[in-house]
Amino acid sequence: MFKRFRAPAVYFALIGLCLLVPAAAKGQRQPSSAEQATTNDSDPLKVLQWRSIGPFRGGRCTAVTGVASQPMVYYFGGTGGGVWKTTDGGINWEPVSDGSVFRTGSVGAIALSDSDANTIYAGMGESAIRGNVSHGDGVYKSTDAGKTWKRSGLEDTRQISRIRVHPKNPDIVYVAAQGHVWGPNEQRGVFRSKDGGKTWERILYRNDKAGASDLIIDPLNPNNLYAGFWEVYRKPWTLESGGPGSGIFKSTDGGDTWSEITRNPGLPKGTIGIVGITVSPVNSDRLWAIVEAEDGGVFRSENGGKN
């Protein structure tokens, strides 16, 4: 019998957007030259403080992406505010989904390809499933840097936790879908499109109660993918997290086949709840995983998940 975690699961969200700036930018007294020299010698970051860069609206944000070739351009998706864009590093923001084909406003994931900054995918329905969570209606796509959008399927996935786009081919896109919050459904797991979202295939599935909570592509070898699964059931007054559907999975052929690495040496042995996974951008063998379990925490592998 699997034990479920009834306490609220661990969520990782960005509350608004913040920027690290010199303390003087907040109107504080600027350190003298001697003070600056002393501070910089010991820790150059001590003269910096965080300030909010907006937009100054309520709610939370779990979807952010930037453009590697355009360091001042960023997009984020709000829980009820749609997709926003800045072209000046966060000084000004504009909503780019208002008045378009979007039928829901809660954004769970947003991504683009390093090879084509104009092609953007937005997945609806946030993954941090609070008691008042809003569901989404699939994937939307823009090919003109957010000026116009069109629907791209997966309407019944409800909550999308991640979208990953192949770094060299914007038509190859992966979606990690958690599925319905309040009951079982089949449209959950990892989906892949090879034609820019025109058609989709489900390439990894556990059961109708477990969905994909995280997904990462190895930047050095896009054939390597890692997925985290989360079996969870939400009621307005409680959340039951954990079960046999949760786990960590790896593919070395672009998602055609997968192997489970949940029980590899070093990872928790008991019931698994929500999982997060990422890979180093400079070392394909180095992974980090966040695992909810009785003996959970943050784990690191130096051999591609073997240990």
# chains A, B, ... in the order shown; residues from 1 in each chain; ligands from 1

call {"tool": "residues_around", "arguments": {"residues": "range 136-151 of chain A", "least_positions_apart": "3", "cutoff": "6 Å", "atoms": "only C-alpha atoms", "output": "list in words"}}
result
Val96, Thr104, Asn118, Thr119, Ile120, Tyr121, Ala122, Gly123, Met124, Gly125, Leu154, Glu155, Arg158 and Gln159 of chain A

call {"tool": "residues_around", "arguments": {"residues": "Glu94 in chain A", "least_positions_apart": "5", "cutoff": "9 Å", "atoms": "only C-alpha atoms", "output": "list of chain:residue names"}}
result
A:Pro55, A:Val83, A:Trp84, A:Lys85, A:Thr86

call {"tool": "closest_atom_pairs", "arguments": {"of": "range 208-243 of chain A", "to": "range 247-263 of chain A", "cutoff": "6 Å", "atoms": "only C-alpha atoms", "output": "Markdown table"}}
result
| residue | atom | partner | partner_atom | distance |
| --- | --- | --- | --- | --- |
| A:Asn223 | CA | A:Gly254 | CA | 4.1 |
| A:Asn224 | CA | A:Thr252 | CA | 4.4 |
| A:Leu225 | CA | A:Ser251 | CA | 5.1 |
| A:Tyr226 | CA | A:Lys250 | CA | 4.6 |
| A:Ala227 | CA | A:Phe249 | CA | 5.1 |
| A:Gly228 | CA | A:Ile248 | CA | 4.6 |
| A:Phe229 | CA | A:Gly247 | CA | 5.1 |

call {"tool": "select_by_dssp", "arguments": {"residues": "range 148-304 of chain A", "states": "strand (DSSP E or B)", "output": "ChimeraX atom specification"}}
result
/A:150-151,160-165,173-177,189-193,201-204,207,210-217,225-235,238-241,247-251,259-260,275-279,287-291,297-301
